[in-house]
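**Q** Below you'll find final.txt; it's compact mmCIF, C-alpha atoms (C1' of nucleotides).
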```txt
# COMPACT_ATOMS: atom_id res chain seq x y z
CA MET A 1 0.52 21.57 15.31
CA LYS A 2 0.17 18.35 17.20
CA PHE A 3 0.69 14.70 16.61
CA SER A 4 -2.65 13.08 15.94
CA GLN A 5 -4.37 10.60 18.19
CA ALA A 6 -3.96 8.11 15.39
CA THR A 7 -0.19 8.22 15.84
CA ASP A 8 -0.66 7.49 19.51
CA TYR A 9 -2.75 4.44 18.65
CA ALA A 10 -0.29 3.21 16.06
CA LEU A 11 2.72 3.53 18.34
CA HIS A 12 1.03 1.63 21.14
CA ALA A 13 -0.28 -1.02 18.78
CA MET A 14 3.20 -1.58 17.36
CA LEU A 15 4.69 -1.70 20.84
CA PHE A 16 2.17 -4.36 21.78
CA LEU A 17 2.96 -6.43 18.71
CA VAL A 18 6.69 -6.24 19.29
CA ALA A 19 6.51 -6.91 23.00
CA GLU A 20 3.78 -9.52 23.26
CA ALA A 21 3.15 -11.15 19.90
CA PRO A 22 6.15 -11.04 17.62
CA ASP A 23 5.05 -14.01 15.54
CA LYS A 24 1.36 -14.83 15.82
CA PRO A 25 -1.11 -12.62 13.99
CA VAL A 26 -3.34 -10.57 16.28
CA SER A 27 -6.84 -9.55 15.28
CA VAL A 28 -8.04 -5.96 15.38
CA GLN A 29 -10.59 -7.01 17.96
CA VAL A 30 -7.97 -8.18 20.44
CA LEU A 31 -5.69 -5.26 19.74
CA ALA A 32 -8.46 -2.71 20.18
CA GLU A 33 -9.52 -4.35 23.42
CA LYS A 34 -5.99 -4.24 24.81
CA LEU A 35 -5.66 -0.57 23.97
CA GLY A 36 -9.22 0.35 24.85
CA VAL A 37 -10.05 2.03 21.56
CA SER A 38 -12.49 1.54 18.71
CA GLN A 39 -11.86 -1.44 16.44
CA THR A 40 -12.89 0.16 13.20
CA TYR A 41 -10.81 3.25 13.65
CA LEU A 42 -7.77 1.30 14.78
CA SER A 43 -8.05 -0.84 11.67
CA LYS A 44 -7.52 2.24 9.53
CA MET A 45 -4.22 2.87 11.24
CA LEU A 46 -3.18 -0.74 10.82
CA THR A 47 -3.98 -0.52 7.13
CA LYS A 48 -1.59 2.42 6.88
CA LEU A 49 1.08 0.46 8.69
CA VAL A 50 0.62 -2.38 6.21
CA LYS A 51 0.96 -0.04 3.25
CA SER A 52 4.18 1.30 4.72
CA GLY A 53 5.56 -2.23 4.97
CA LEU A 54 5.89 -2.37 8.76
CA ILE A 55 3.40 -5.13 9.38
CA HIS A 56 1.68 -7.86 7.42
CA SER A 57 -2.02 -8.57 7.19
CA VAL A 58 -3.33 -12.13 7.30
CA PRO A 59 -6.86 -12.38 5.93
CA GLY A 60 -9.36 -15.05 6.78
CA ALA A 61 -10.16 -16.89 9.97
CA ASN A 62 -7.43 -16.82 12.66
CA GLY A 63 -6.00 -13.95 10.71
CA GLY A 64 -4.98 -10.53 11.90
CA TYR A 65 -1.85 -8.43 11.79
CA ARG A 66 1.67 -9.69 12.19
CA LEU A 67 5.05 -8.02 12.31
CA LYS A 68 7.31 -8.20 9.32
CA ARG A 69 10.74 -9.71 9.56
CA ASN A 70 12.79 -6.58 10.22
CA ARG A 71 11.23 -6.04 13.63
CA GLU A 72 14.43 -4.98 15.32
CA GLU A 73 14.85 -2.10 12.92
CA ILE A 74 11.45 -0.42 13.21
CA SER A 75 11.94 3.11 14.46
CA PHE A 76 9.51 5.66 15.88
CA LEU A 77 10.00 7.68 12.73
CA ASP A 78 8.86 4.78 10.55
CA ILE A 79 5.57 4.57 12.41
CA ILE A 80 5.00 8.31 12.57
CA HIS A 81 5.71 8.67 8.86
CA ALA A 82 3.31 5.83 8.12
CA ILE A 83 0.47 7.63 9.89
CA GLU A 84 1.23 11.31 9.45
CA GLY A 85 2.80 11.09 6.03
CA THR A 86 6.27 12.16 5.01
CA ALA A 87 5.44 15.68 3.92
CA SER A 88 7.44 18.52 5.38
CA LEU A 89 6.03 20.17 8.50
CA PHE A 90 6.45 23.62 7.06
CA GLU A 91 6.00 25.15 3.69
CA CYS A 92 6.54 28.79 2.96
CA SER A 93 3.67 30.25 0.97
CA PHE A 94 5.41 33.39 -0.23
CA LYS A 95 7.21 34.07 -3.46
CA HIS A 96 10.75 35.16 -2.90
CA GLY A 97 12.46 37.08 -5.64
CA SER A 98 14.91 35.66 -8.18
CA GLY A 99 14.49 31.97 -7.51
CA SER A 100 16.22 32.11 -4.15
CA GLU A 101 14.82 29.81 -1.50
CA CYS A 102 13.12 30.99 1.64
CA LEU A 103 15.61 31.25 4.50
CA ILE A 104 12.85 30.80 7.06
CA GLN A 105 11.79 27.55 5.49
CA GLN A 106 15.36 26.29 5.51
CA VAL A 107 15.68 26.91 9.23
CA VAL A 108 12.42 25.22 10.12
CA MET A 109 13.18 22.26 7.90
CA ASP A 110 16.58 21.89 9.54
CA ALA A 111 14.85 21.85 12.90
CA GLU A 112 12.47 19.21 11.66
CA ARG A 113 15.41 17.12 10.54
CA GLN A 114 16.85 17.30 14.05
CA MET A 115 13.69 15.77 15.44
CA GLU A 116 13.47 13.14 12.74
CA GLN A 117 17.04 12.01 13.25
CA PHE A 118 16.27 11.47 16.90
CA LEU A 119 13.08 9.56 16.15
CA GLU A 120 14.89 7.44 13.61
CA SER A 121 17.49 6.39 16.16
CA LYS A 122 14.85 5.19 18.62
CA LYS A 123 13.60 1.69 17.90
CA ILE A 124 10.35 0.26 19.15
CA ALA A 125 12.15 -2.95 20.11
CA ASP A 126 14.29 -1.05 22.63
CA ILE A 127 11.18 0.25 24.38
CA ALA A 128 9.72 -3.25 24.43
CA LYS A 129 12.84 -4.51 26.22
CA GLN A 130 12.56 -1.75 28.81
CA LEU A 131 8.96 -2.74 29.43
CA LYS A 132 9.81 -6.35 30.15
CA GLN A 133 12.35 -5.79 32.84
CA MET B 1 0.81 17.41 12.07
CA LYS B 2 1.87 20.57 10.33
CA PHE B 3 2.83 24.07 11.21
CA SER B 4 -0.10 26.37 10.52
CA GLN B 5 -0.19 29.03 7.86
CA ALA B 6 -0.45 31.52 10.70
CA THR B 7 3.06 30.61 11.83
CA ASP B 8 4.29 31.24 8.32
CA TYR B 9 2.71 34.70 8.37
CA ALA B 10 4.09 35.52 11.79
CA LEU B 11 7.64 34.47 10.92
CA HIS B 12 7.67 36.54 7.76
CA ALA B 13 6.10 39.53 9.48
CA MET B 14 8.73 39.41 12.20
CA LEU B 15 11.50 39.06 9.66
CA PHE B 16 10.20 42.13 7.87
CA LEU B 17 10.08 44.15 11.08
CA VAL B 18 13.60 43.16 12.09
CA ALA B 19 15.08 43.68 8.65
CA GLU B 20 13.32 46.78 7.41
CA ALA B 21 11.72 48.68 10.26
CA PRO B 22 13.44 48.07 13.56
CA ASP B 23 12.22 51.33 15.14
CA LYS B 24 9.23 52.87 13.41
CA PRO B 25 5.83 51.31 13.97
CA VAL B 26 4.37 49.64 10.88
CA SER B 27 0.63 49.41 10.32
CA VAL B 28 -1.14 46.15 9.61
CA GLN B 29 -2.16 47.58 6.26
CA VAL B 30 1.44 48.06 5.11
CA LEU B 31 2.58 44.75 6.56
CA ALA B 32 -0.25 42.82 4.92
CA GLU B 33 0.46 44.48 1.60
CA LYS B 34 4.15 43.58 1.77
CA LEU B 35 3.33 39.95 2.53
CA GLY B 36 0.34 39.76 0.24
CA VAL B 37 -2.11 38.45 2.83
CA SER B 38 -5.35 39.58 4.46
CA GLN B 39 -5.07 42.48 6.90
CA THR B 40 -7.64 41.29 9.38
CA TYR B 41 -6.26 37.80 9.67
CA LEU B 42 -2.69 39.01 9.95
CA SER B 43 -3.75 41.29 12.77
CA LYS B 44 -4.78 38.25 14.80
CA MET B 45 -1.27 36.91 14.55
CA LEU B 46 0.22 40.24 15.53
CA THR B 47 -2.05 40.37 18.56
CA LYS B 48 -0.64 37.02 19.65
CA LEU B 49 2.89 38.28 19.16
CA VAL B 50 2.07 41.29 21.35
CA LYS B 51 0.67 39.06 24.09
CA SER B 52 3.85 37.03 24.02
CA GLY B 53 5.91 40.16 24.49
CA LEU B 54 7.77 40.04 21.18
CA ILE B 55 6.40 43.25 19.70
CA HIS B 56 4.65 46.36 20.90
CA SER B 57 1.41 47.83 19.63
CA VAL B 58 1.07 51.58 19.13
CA PRO B 59 -2.58 52.64 18.96
CA GLY B 60 -3.89 55.76 17.28
CA ALA B 61 -2.93 57.55 14.10
CA ASN B 62 0.56 56.75 12.75
CA GLY B 63 0.43 53.75 15.00
CA GLY B 64 1.11 50.15 14.18
CA TYR B 65 3.41 47.44 15.49
CA ARG B 66 6.97 47.91 16.61
CA LEU B 67 9.66 45.59 17.83
CA LYS B 68 10.49 45.44 21.49
CA ARG B 69 13.97 46.22 22.72
CA ASN B 70 15.39 42.70 22.83
CA ARG B 71 15.26 42.31 19.09
CA GLU B 72 18.59 40.53 18.81
CA GLU B 73 17.38 37.75 21.05
CA ILE B 74 14.13 36.80 19.34
CA SER B 75 14.33 33.17 18.27
CA PHE B 76 12.25 31.13 15.89
CA LEU B 77 10.96 29.20 18.86
CA ASP B 78 9.64 32.36 20.50
CA ILE B 79 7.53 33.15 17.45
CA ILE B 80 6.32 29.62 16.93
CA HIS B 81 5.36 29.29 20.56
CA ALA B 82 3.50 32.59 20.38
CA ILE B 83 1.33 31.32 17.54
CA GLU B 84 1.07 27.59 18.10
CA GLY B 85 1.10 27.64 21.86
CA THR B 86 3.56 25.93 24.17
CA ALA B 87 1.66 22.70 24.68
CA SER B 88 3.46 19.45 24.04
CA LEU B 89 3.17 17.97 20.55
CA PHE B 90 2.28 14.57 21.89
CA GLU B 91 0.17 13.30 24.69
CA CYS B 92 -0.37 9.66 25.43
CA SER B 93 -4.04 8.88 26.00
CA PHE B 94 -3.63 5.51 27.64
CA LYS B 95 -3.49 4.61 31.29
CA HIS B 96 -0.33 2.79 32.17
CA GLY B 97 -0.32 0.69 35.27
CA SER B 98 1.07 1.69 38.65
CA GLY B 99 1.74 5.34 38.07
CA SER B 100 4.62 4.74 35.70
CA GLU B 101 4.95 7.16 32.83
CA CYS B 102 4.49 6.19 29.21
CA LEU B 103 7.82 5.31 27.62
CA ILE B 104 6.50 6.22 24.19
CA GLN B 105 5.58 9.66 25.34
CA GLN B 106 9.02 10.17 26.82
CA VAL B 107 10.71 9.35 23.53
CA VAL B 108 8.50 11.63 21.47
CA MET B 109 8.87 14.46 23.95
CA ASP B 110 12.63 14.08 23.85
CA ALA B 111 12.49 14.33 20.08
CA GLU B 112 10.38 17.45 20.37
CA ARG B 113 12.97 18.94 22.68
CA GLN B 114 15.64 18.34 20.05
CA MET B 115 13.72 20.39 17.56
CA GLU B 116 12.94 23.13 20.05
CA GLN B 117 16.55 23.50 21.09
CA PHE B 118 17.48 24.03 17.48
CA LEU B 119 14.72 26.57 16.94
CA GLU B 120 15.71 28.39 20.08
CA SER B 121 19.29 28.77 18.86
CA LYS B 122 18.20 30.35 15.60
CA LYS B 123 17.53 34.07 15.88
CA ILE B 124 15.44 36.07 13.45
CA ALA B 125 18.09 38.79 13.46
CA ASP B 126 20.64 36.38 11.95
CA ILE B 127 18.33 35.66 9.04
CA ALA B 128 17.79 39.38 8.52
CA LYS B 129 21.55 39.88 8.23
CA GLN B 130 21.79 37.12 5.64
CA LEU B 131 19.05 38.79 3.64
CA LYS B 132 20.84 42.12 3.47
CA GLN B 133 24.08 40.92 2.05
C1' DG C 1 -13.31 -41.35 4.93
C1' DC C 2 -13.24 -37.88 1.59
C1' DG C 3 -14.55 -34.09 -1.13
C1' DT C 4 -17.72 -30.29 -1.54
C1' DG C 5 -20.25 -26.60 0.04
C1' DA C 6 -21.74 -23.52 3.77
C1' DT C 7 -20.65 -20.93 7.72
C1' DT C 8 -17.65 -18.22 10.39
C1' DA C 9 -13.92 -15.11 11.45
C1' DC C 10 -11.27 -12.20 9.76
C1' DT C 11 -9.29 -8.02 6.66
C1' DC C 12 -10.14 -4.29 3.16
C1' DG C 13 -12.13 -0.24 1.15
C1' DG C 14 -15.48 3.19 0.45
C1' DA C 15 -19.27 6.16 2.07
C1' DT C 16 -20.84 8.73 5.60
C1' DA C 17 -21.28 11.59 9.89
C1' DC C 18 -19.63 14.66 13.28
C1' DA C 19 -16.67 17.84 15.87
C1' DA C 20 -12.87 20.70 16.23
C1' DG C 21 -9.56 23.69 14.53
C1' DA C 22 -7.61 26.67 10.91
C1' DT C 23 -8.60 30.37 8.07
C1' DG C 24 -10.83 34.47 6.99
C1' DT C 25 -14.37 38.43 7.37
C1' DC C 26 -17.07 42.03 9.59
C1' DC C 27 -18.09 45.40 12.85
C1' DG C 28 -18.12 48.21 16.95
C1' DA C 29 -15.19 50.28 20.61
C1' DG C 30 -11.18 52.54 22.23
C1' DT C 31 -7.02 55.62 21.39
C1' DT C 32 -3.96 58.93 19.44
C1' DT C 33 -2.83 62.38 15.93
C1' DG C 34 -3.78 66.26 13.49
C1' DA C 35 -6.64 69.57 11.23
C1' DG C 36 -10.23 73.08 11.60
C1' DC C 37 -12.58 76.60 13.88
C1' DG C 38 -13.94 80.07 17.30
C1' DG C 39 -12.46 83.24 20.64
C1' DC D 1 -2.37 82.58 18.48
C1' DC D 2 -4.36 79.50 21.72
C1' DG D 3 -7.47 76.01 22.96
C1' DC D 4 -11.35 73.21 21.97
C1' DT D 5 -13.68 69.96 19.11
C1' DC D 6 -14.08 66.72 15.63
C1' DA D 7 -12.65 63.68 12.10
C1' DA D 8 -9.28 60.40 10.53
C1' DA D 9 -6.11 56.60 11.18
C1' DC D 10 -5.00 53.27 13.71
C1' DT D 11 -5.37 48.91 17.09
C1' DC D 12 -8.31 45.67 19.81
C1' DG D 13 -11.70 42.22 20.62
C1' DG D 14 -15.59 39.53 19.80
C1' DA D 15 -18.93 37.39 16.78
C1' DC D 16 -19.56 35.06 12.80
C1' DA D 17 -18.89 32.15 8.40
C1' DT D 18 -16.47 28.62 5.91
C1' DC D 19 -13.41 24.92 4.88
C1' DT D 20 -10.40 21.37 5.99
C1' DT D 21 -8.93 17.68 8.86
C1' DG D 22 -9.17 14.37 12.55
C1' DT D 23 -12.01 11.06 14.61
C1' DA D 24 -15.28 7.64 14.30
C1' DT D 25 -18.97 4.48 12.50
C1' DC D 26 -21.27 1.40 9.25
C1' DC D 27 -21.64 -1.72 5.58
C1' DG D 28 -20.62 -4.66 1.72
C1' DA D 29 -16.91 -7.38 -0.53
C1' DG D 30 -13.18 -10.54 -0.45
C1' DT D 31 -10.50 -14.39 1.74
C1' DA D 32 -9.12 -18.26 4.47
C1' DA D 33 -10.10 -21.77 7.93
C1' DT D 34 -13.30 -24.83 9.83
C1' DC D 35 -17.41 -27.37 10.17
C1' DA D 36 -21.29 -30.16 8.21
C1' DC D 37 -23.16 -33.08 5.12
C1' DG D 38 -23.71 -36.33 1.45
C1' DC D 39 -21.73 -39.98 -1.10
```
Translate this structure into structure tokens?

**A**
Amino acid sequence: MKFSQATDYALHAMLFLVAEAPDKPVSVQVLAEKLGVSQTYLSKMLTKLVKSGLIHSVPGANGGYRLKRNREEISFLDIIHAIEGTASLFECSFKHGSGSECLIQQVVMDAERQMEQFLESKKIADIAKQLKQ
Amino acid sequence: MKFSQATDYALHAMLFLVAEAPDKPVSVQVLAEKLGVSQTYLSKMLTKLVKSGLIHSVPGANGGYRLKRNREEISFLDIIHAIEGTASLFECSFKHGSGSECLIQQVVMDAERQMEQFLESKKIADIAKQLKQ
DNA sequence: GCGTGATTACTCGGATACAAGATGTCCGAGTTTGAGCGG
DNA sequence: CCGCTCAAACTCGGACATCTTGTATCCGAGTAATCACGC
């Protein structure tokens, strides 16, 4: 149980876009160089971010990836969900009698919700502001 | 990023011990049969629970696993930490200039702490009581 | 000078490779209980 | 009846096998901008 490296990449890539290039598209090449990671692997993460509607891809020459309009509203949870998926962290694999739900699962899912609420309240834009000052 | 099946096993095994056999040692064989999982794999989880000080192992005939004294105080977090380890869920892999810490990492670790506080407040014994009524 | 085509700089998606971790099995060693047997 | 031995019922730990997932690379296809060339 750990957040994947991919999430780390995605969070830093988004932070870079918000902080340094809110309007111009940035190519994978530049982004990967800034972060010091592989281009091809980073591009997979960016593709996921596009599919989740957080950023926009601009094909062709001078293309790259650009933030969407709602940049102030992008939360940590949005990015994490884009990479890790939205599935629950815990799923009970036992059959409990008479259709009743698993109490253990309920507790763990409540705990998960605590974390998600926190991550939803934290916006990438706030971190970008802290960086600049 | 998911809780492992092993955690699922361990939580249910502990719930069984607290609810049904607070004093007598229970063998892996019986426990595995109740849960419907493999004996040998379950025993690995129980070994981890022993090393974390949550249960006690009784070797020899009529042996098995027995709860320790502080059974009322065992939290979900104790069990999860025993199986998954206590390492942080997130570790930033980038070098940030001038010794400053990664702001992203701080946010995610704070979120993790939210979840852990919740899991620490939930005791297995409370769930056992709910089951009985 | 203007349109047309070729080249270039990108993204996109699939196929592949590799390593690590989760899951599960097997077996030998150690430990306690209890039964059996000889005195 | 007492004590000794031995077998049975357990846990413990390591070695091993397998499968999934994360990480990473490579390549061909598609797309847009820019450059070159011919008229």

**Q** Provide as a JSON list (two decimals) with C-alpha atoms, in the frame of the given file the residues of chain A at most 12 Å from chain C, counting only C-alpha atoms (C1' of nucleotides).

**A**
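Here's the written file iface-v2.json:
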```
[["chain", "number", "residue", "atom", "x", "y", "z"],
["A", 1, "MET", "CA", 0.52, 21.57, 15.31],
["A", 2, "LYS", "CA", 0.17, 18.35, 17.20],
["A", 25, "PRO", "CA", -1.11, -12.62, 13.99],
["A", 26, "VAL", "CA", -3.34, -10.57, 16.28],
["A", 27, "SER", "CA", -6.84, -9.55, 15.28],
["A", 28, "VAL", "CA", -8.04, -5.96, 15.38],
["A", 29, "GLN", "CA", -10.59, -7.01, 17.96],
["A", 30, "VAL", "CA", -7.97, -8.18, 20.44],
["A", 40, "THR", "CA", -12.89, 0.16, 13.20],
["A", 43, "SER", "CA", -8.05, -0.84, 11.67],
["A", 44, "LYS", "CA", -7.52, 2.24, 9.53],
["A", 46, "LEU", "CA", -3.18, -0.74, 10.82],
["A", 47, "THR", "CA", -3.98, -0.52, 7.13],
["A", 48, "LYS", "CA", -1.59, 2.42, 6.88],
["A", 50, "VAL", "CA", 0.62, -2.38, 6.21],
["A", 51, "LYS", "CA", 0.96, -0.04, 3.25],
["A", 56, "HIS", "CA", 1.68, -7.86, 7.42],
["A", 57, "SER", "CA", -2.02, -8.57, 7.19],
["A", 58, "VAL", "CA", -3.33, -12.13, 7.30],
["A", 59, "PRO", "CA", -6.86, -12.38, 5.93],
["A", 60, "GLY", "CA", -9.36, -15.05, 6.78],
["A", 61, "ALA", "CA", -10.16, -16.89, 9.97],
["A", 62, "ASN", "CA", -7.43, -16.82, 12.66],
["A", 63, "GLY", "CA", -6.00, -13.95, 10.71],
["A", 64, "GLY", "CA", -4.98, -10.53, 11.90],
["A", 65, "TYR", "CA", -1.85, -8.43, 11.79]]
```

**Q** Pick from B:Ala13, B:Ala111, B:Ala128, B:Asp8: nearest to Phe76 in chain A, with only C-alpha atoms counted?

**A**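 Under the stated criterion, the closest residue is B:Ala111.
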
**Q** Distance table requested - chain D against chain B, cut-off 12 Å, all atoms listed in the file: one row per qualifying residue with the closest atom pair and its distance in Å to one decimal, ordered by chain and rising residue number, as CSV.

**A**
```
residue,atom,partner,partner_atom,distance
D:DA7,C1',B:Ala61,CA,11.7
D:DA8,C1',B:Ala61,CA,7.8
D:DA9,C1',B:Ala61,CA,4.4
D:DC10,C1',B:Gly60,CA,4.5
D:DT11,C1',B:Pro59,CA,5.0
D:DC12,C1',B:Thr47,CA,8.3
D:DG13,C1',B:Lys44,CA,9.9
D:DG14,C1',B:Lys44,CA,12.0
D:DT21,C1',B:Met1,CA,10.3
D:DG22,C1',B:Met1,CA,10.4
```

**Q** Based on the selection just made, write C-alpha atoms (C1' of nucleotides) of those residues as a compact mmCIF listing (two decimals), in the coordinates of the input.

**A**
```
# COMPACT_ATOMS: atom_id res chain seq x y z
C1' DA D 7 -12.65 63.68 12.10
C1' DA D 8 -9.28 60.40 10.53
C1' DA D 9 -6.11 56.60 11.18
C1' DC D 10 -5.00 53.27 13.71
C1' DT D 11 -5.37 48.91 17.09
C1' DC D 12 -8.31 45.67 19.81
C1' DG D 13 -11.70 42.22 20.62
C1' DG D 14 -15.59 39.53 19.80
C1' DT D 21 -8.93 17.68 8.86
C1' DG D 22 -9.17 14.37 12.55
```

**Q** Within 10 Å of chain A, which residues of chain B are there when counting all atoms listed in the file? Please give them as a PDB file with C-alpha atoms, in the coordinates of the input.

**A**
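Written file, out25.pdb:
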```pdb
ATOM      1  CA  MET B   1       0.810  17.410  12.070  1.00  0.00           C
ATOM      2  CA  LYS B   2       1.870  20.570  10.330  1.00  0.00           C
ATOM      3  CA  PHE B   3       2.830  24.070  11.210  1.00  0.00           C
ATOM      4  CA  SER B   4      -0.100  26.370  10.520  1.00  0.00           C
ATOM      5  CA  GLN B   5      -0.190  29.030   7.860  1.00  0.00           C
ATOM      6  CA  THR B   7       3.060  30.610  11.830  1.00  0.00           C
ATOM      7  CA  ASP B   8       4.290  31.240   8.320  1.00  0.00           C
ATOM      8  CA  TYR B   9       2.710  34.700   8.370  1.00  0.00           C
ATOM      9  CA  LEU B  11       7.640  34.470  10.920  1.00  0.00           C
ATOM     10  CA  HIS B  12       7.670  36.540   7.760  1.00  0.00           C
ATOM     11  CA  LEU B  15      11.500  39.060   9.660  1.00  0.00           C
ATOM     12  CA  LEU B  35       3.330  39.950   2.530  1.00  0.00           C
ATOM     13  CA  GLY B  36       0.340  39.760   0.240  1.00  0.00           C
ATOM     14  CA  VAL B  37      -2.110  38.450   2.830  1.00  0.00           C
ATOM     15  CA  PHE B  76      12.250  31.130  15.890  1.00  0.00           C
ATOM     16  CA  LEU B  77      10.960  29.200  18.860  1.00  0.00           C
ATOM     17  CA  GLU B  84       1.070  27.590  18.100  1.00  0.00           C
ATOM     18  CA  GLY B  85       1.100  27.640  21.860  1.00  0.00           C
ATOM     19  CA  ALA B  87       1.660  22.700  24.680  1.00  0.00           C
ATOM     20  CA  SER B  88       3.460  19.450  24.040  1.00  0.00           C
ATOM     21  CA  LEU B  89       3.170  17.970  20.550  1.00  0.00           C
ATOM     22  CA  PHE B  90       2.280  14.570  21.890  1.00  0.00           C
ATOM     23  CA  GLU B  91       0.170  13.300  24.690  1.00  0.00           C
ATOM     24  CA  CYS B  92      -0.370   9.660  25.430  1.00  0.00           C
ATOM     25  CA  SER B  93      -4.040   8.880  26.000  1.00  0.00           C
ATOM     26  CA  PHE B  94      -3.630   5.510  27.640  1.00  0.00           C
ATOM     27  CA  LYS B  95      -3.490   4.610  31.290  1.00  0.00           C
ATOM     28  CA  CYS B 102       4.490   6.190  29.210  1.00  0.00           C
ATOM     29  CA  LEU B 103       7.820   5.310  27.620  1.00  0.00           C
ATOM     30  CA  ILE B 104       6.500   6.220  24.190  1.00  0.00           C
ATOM     31  CA  GLN B 105       5.580   9.660  25.340  1.00  0.00           C
ATOM     32  CA  VAL B 107      10.710   9.350  23.530  1.00  0.00           C
ATOM     33  CA  VAL B 108       8.500  11.630  21.470  1.00  0.00           C
ATOM     34  CA  MET B 109       8.870  14.460  23.950  1.00  0.00           C
ATOM     35  CA  ASP B 110      12.630  14.080  23.850  1.00  0.00           C
ATOM     36  CA  ALA B 111      12.490  14.330  20.080  1.00  0.00           C
ATOM     37  CA  GLU B 112      10.380  17.450  20.370  1.00  0.00           C
ATOM     38  CA  ARG B 113      12.970  18.940  22.680  1.00  0.00           C
ATOM     39  CA  GLN B 114      15.640  18.340  20.050  1.00  0.00           C
ATOM     40  CA  MET B 115      13.720  20.390  17.560  1.00  0.00           C
ATOM     41  CA  GLU B 116      12.940  23.130  20.050  1.00  0.00           C
ATOM     42  CA  GLN B 117      16.550  23.500  21.090  1.00  0.00           C
ATOM     43  CA  PHE B 118      17.480  24.030  17.480  1.00  0.00           C
ATOM     44  CA  LEU B 119      14.720  26.570  16.940  1.00  0.00           C
ATOM     45  CA  GLU B 120      15.710  28.390  20.080  1.00  0.00           C
ATOM     46  CA  LYS B 122      18.200  30.350  15.600  1.00  0.00           C
ATOM     47  CA  LYS B 123      17.530  34.070  15.880  1.00  0.00           C
ATOM     48  CA  ILE B 124      15.440  36.070  13.450  1.00  0.00           C
ATOM     49  CA  ILE B 127      18.330  35.660   9.040  1.00  0.00           C
ATOM     50  CA  ALA B 128      17.790  39.380   8.520  1.00  0.00           C
ATOM     51  CA  GLN B 130      21.790  37.120   5.640  1.00  0.00           C
ATOM     52  CA  LEU B 131      19.050  38.790   3.640  1.00  0.00           C
TER      53      LEU B 131
END
```

**Q** What is the distance between C1' of DG24 in chain C and CA of Ala6 in chain B, in Å to one decimal?

**A**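 Calculated distance between C1' of DG24 in chain C and CA of Ala6 in chain B is 11.4 Å.
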
**Q** What are the centre and edge lengths in Å, to one decimal, of the axis-aligned box around all listed atoms of range 53-68 of chain A with 3 Å added on each side, as lines of an AutoDock Vina configuration file?

**A**
```
center_x = -1.4
center_y = -9.6
center_z = 8.8
size_x = 23.5
size_y = 20.7
size_z = 13.7
```

**Q** May I have the protein, DNA and RNA residues with any atom at most 10 Å from the point (-21.3, -28.7, 7.4), counting all atoms listed in the file, written as a PyMOL selection string?

**A** (chain C and resi 4-7) or (chain D and resi 34-38)

**Q** D:DC26, D:DC16, D:DC39, D:DC6: which is nearest DG3 in chain C, counting only C-alpha atoms (C1' of nucleotides)?

**A**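 Of D:DC26, D:DC16, D:DC39, D:DC6, the one nearest DG3 in chain C is D:DC39, counting only C-alpha atoms (C1' of nucleotides).
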
**Q** Take CA of Arg71 in chain B and CA of Pro22 in chain B and report the distance between them in Å, one decimal.

**A**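 Spanning CA of Arg71 in chain B to CA of Pro22 in chain B is a straight-line distance of 8.2 Å.
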
**Q** So which residues touch Lys132 in chain B within 12 Å, counting all atoms listed in the file, skipping near sequence neighbours fewer than 3 positions away, as a compact mmCIF listing (two decimals) with C-alpha atoms, keeping the file's coordinate frame?

**A**
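This went into selection24.txt:
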```txt
# COMPACT_ATOMS: atom_id res chain seq x y z
CA LEU B 15 11.50 39.06 9.66
CA PHE B 16 10.20 42.13 7.87
CA VAL B 18 13.60 43.16 12.09
CA ALA B 19 15.08 43.68 8.65
CA GLU B 20 13.32 46.78 7.41
CA ALA B 125 18.09 38.79 13.46
CA ASP B 126 20.64 36.38 11.95
CA ILE B 127 18.33 35.66 9.04
CA ALA B 128 17.79 39.38 8.52
CA LYS B 129 21.55 39.88 8.23
```

**Q** I'd like the interatomic distance between CA of Leu49 in chain A and CA of Gln133 in chain A, to a tenth of an Å.

**A**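 So the answer is 27.4 Å.
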